[in-house]
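**Q** Sharing a structure here in structure tokens format.
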Amino acid sequence: MTHDDELKKINDIINGTRFATVTTRTSDGDLVSRPLAVLSHDFEGTVWFFTQDPSPKTADIAHDAHVNVAYSDGPSTVSLAGIATVSRDQARIDEFWNPWAEAWFEGGRKDPTVALLQVDATSIEYWDIDKPAIARAFEVVKGLITQKAPDVGESRTVEL
């Protein structure tokens, strides 16, 4: 599989989800995961989310910019490790603004807390489970009998 094929597969999984879970580290060292709405776009190494700034999430990122973003589209998943920054790029905010975002900001598009969370991926692991549930169950039973790992789909790590 080529790098472009891997990016297409990652794109398909990401854009097949409505929410991602973003995990940050607090100043006390705790890991905190929060759901954020997925903003549909072509993934080329960066993902974006609306966020309020200031917020506990942006305070965590100011302390430690390393984050994890997890997506799940049925049985397929993407786990993206990356570096987060808070952006107030007005052109980018306008590009992604939508009625769902409007609901989360008291002042709408003009709310002074409107910001974007930009995550630049450093590595990605994905699992593409392309077999129906019955075939996956058969593979698990077969694995138990043969003592070999079941073949239920594809798992890859992609360095960016």
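We name chains A, B, ... following the order of the structure tokens; residues begin at 1 in each chain, and ligands are numbered from 1 as shown.
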May I have all residues of range 58-142 of chain A that DSSP, computed from the backbone, assigns to strand (DSSP E or B), given as a PyMOL selection string?
**A** chain A and resi 66-73+76-87+114-128
**Q** Considering only C-alpha atoms, return as a count of residues only whatever protein or nucleic-acid residues lie within 12 Å of Asp73 in chain A, sequence-local ones (same chain, fewer than 4 positions apart) excluded.
**A** 21
**Q** So that I can check the secondary structure, give me every residue of chain A assigned alpha helix (DSSP H) by backbone DSSP, as number ranges by chain.
**A** A: 3-15, 56-63, 90-96, 99-104, 133-146
**Q** For the selection you just gave me, I'd like the residues written to a file as an mmCIF file, in the first residue's frame, keeping C-alpha atoms.
**A**
data_model
loop_
_atom_site.group_PDB
_atom_site.id
_atom_site.type_symbol
_atom_site.label_atom_id
_atom_site.label_comp_id
_atom_site.auth_asym_id
_atom_site.auth_seq_id
_atom_site.Cartn_x
_atom_site.Cartn_y
_atom_site.Cartn_z
ATOM 1 C CA HIS A 3 1.517 6.441 1.357
ATOM 2 C CA ASP A 4 -1.250 8.075 -0.736
ATOM 3 C CA ASP A 5 -3.419 4.953 -0.301
ATOM 4 C CA GLU A 6 -2.852 5.090 3.450
ATOM 5 C CA LEU A 7 -3.830 8.780 3.564
ATOM 6 C CA LYS A 8 -6.986 8.028 1.566
ATOM 7 C CA LYS A 9 -7.934 5.262 4.008
ATOM 8 C CA ILE A 10 -7.304 7.603 6.963
ATOM 9 C CA ASN A 11 -9.376 10.304 5.248
ATOM 10 C CA ASP A 12 -12.252 7.886 4.690
ATOM 11 C CA ILE A 13 -12.321 6.853 8.354
ATOM 12 C CA ILE A 14 -11.990 10.421 9.694
ATOM 13 C CA ASN A 15 -14.688 11.819 7.405
ATOM 14 C CA PRO A 56 -9.576 24.049 30.373
ATOM 15 C CA LYS A 57 -8.666 22.340 27.072
ATOM 16 C CA THR A 58 -6.662 25.291 25.771
ATOM 17 C CA ALA A 59 -4.990 25.662 29.187
ATOM 18 C CA ASP A 60 -3.916 22.010 28.955
ATOM 19 C CA ILE A 61 -2.491 22.609 25.471
ATOM 20 C CA ALA A 62 -0.602 25.702 26.662
ATOM 21 C CA HIS A 63 1.015 23.450 29.285
ATOM 22 C CA GLN A 90 -10.386 34.353 10.802
ATOM 23 C CA ALA A 91 -10.242 33.020 7.244
ATOM 24 C CA ARG A 92 -9.955 29.439 8.532
ATOM 25 C CA ILE A 93 -12.761 30.017 11.073
ATOM 26 C CA ASP A 94 -14.982 31.341 8.250
ATOM 27 C CA GLU A 95 -14.087 28.324 6.115
ATOM 28 C CA PHE A 96 -15.261 25.863 8.790
ATOM 29 C CA PRO A 99 -24.811 25.991 12.091
ATOM 30 C CA TRP A 100 -23.581 23.306 14.530
ATOM 31 C CA ALA A 101 -20.688 25.530 15.597
ATOM 32 C CA GLU A 102 -23.126 28.408 16.094
ATOM 33 C CA ALA A 103 -24.905 26.432 18.819
ATOM 34 C CA TRP A 104 -21.762 26.149 20.969
ATOM 35 C CA ALA A 133 -19.338 -9.147 11.769
ATOM 36 C CA ILE A 134 -20.013 -12.809 10.960
ATOM 37 C CA ALA A 135 -16.696 -13.116 9.087
ATOM 38 C CA ARG A 136 -14.863 -11.460 12.001
ATOM 39 C CA ALA A 137 -16.470 -13.897 14.428
ATOM 40 C CA PHE A 138 -15.388 -16.807 12.224
ATOM 41 C CA GLU A 139 -11.814 -15.455 12.149
ATOM 42 C CA VAL A 140 -11.747 -15.229 15.965
ATOM 43 C CA VAL A 141 -12.993 -18.805 16.348
ATOM 44 C CA LYS A 142 -10.483 -19.961 13.724
ATOM 45 C CA GLY A 143 -7.731 -18.165 15.663
ATOM 46 C CA LEU A 144 -8.716 -19.934 18.861
ATOM 47 C CA ILE A 145 -8.515 -23.309 17.128
ATOM 48 C CA THR A 146 -5.308 -22.697 15.140
#
**Q** Near range 22-28 of chain A, counting only C-alpha atoms, which residues have an atom at most 8 Å away, once you skip same-chain residues fewer than 2 positions from it, shown as a VMD selection string?
**A** chain A and resid 20 30 to 36 57 59 to 61 63 to 70
**Q** Give me, please, the distance in Å between CA of Gly82 in chain A and CA of Glu159 in chain A, quoted to one decimal.
**A**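 Those two atoms sit 10.8 Å apart.
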**Q** Which value, in Å to one decimal, gives the distance between CA of Phe49 in chain A and CA of Gly74 in chain A?
**A** 21.0 Å
**Q** So the first atom is CA of Val119 in chain A and the second is CA of Trp48 in chain A; what is the distance between them in Å, to one decimal place?
**A**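 Going from CA of Val119 in chain A over to CA of Trp48 in chain A covers 6.4 Å.
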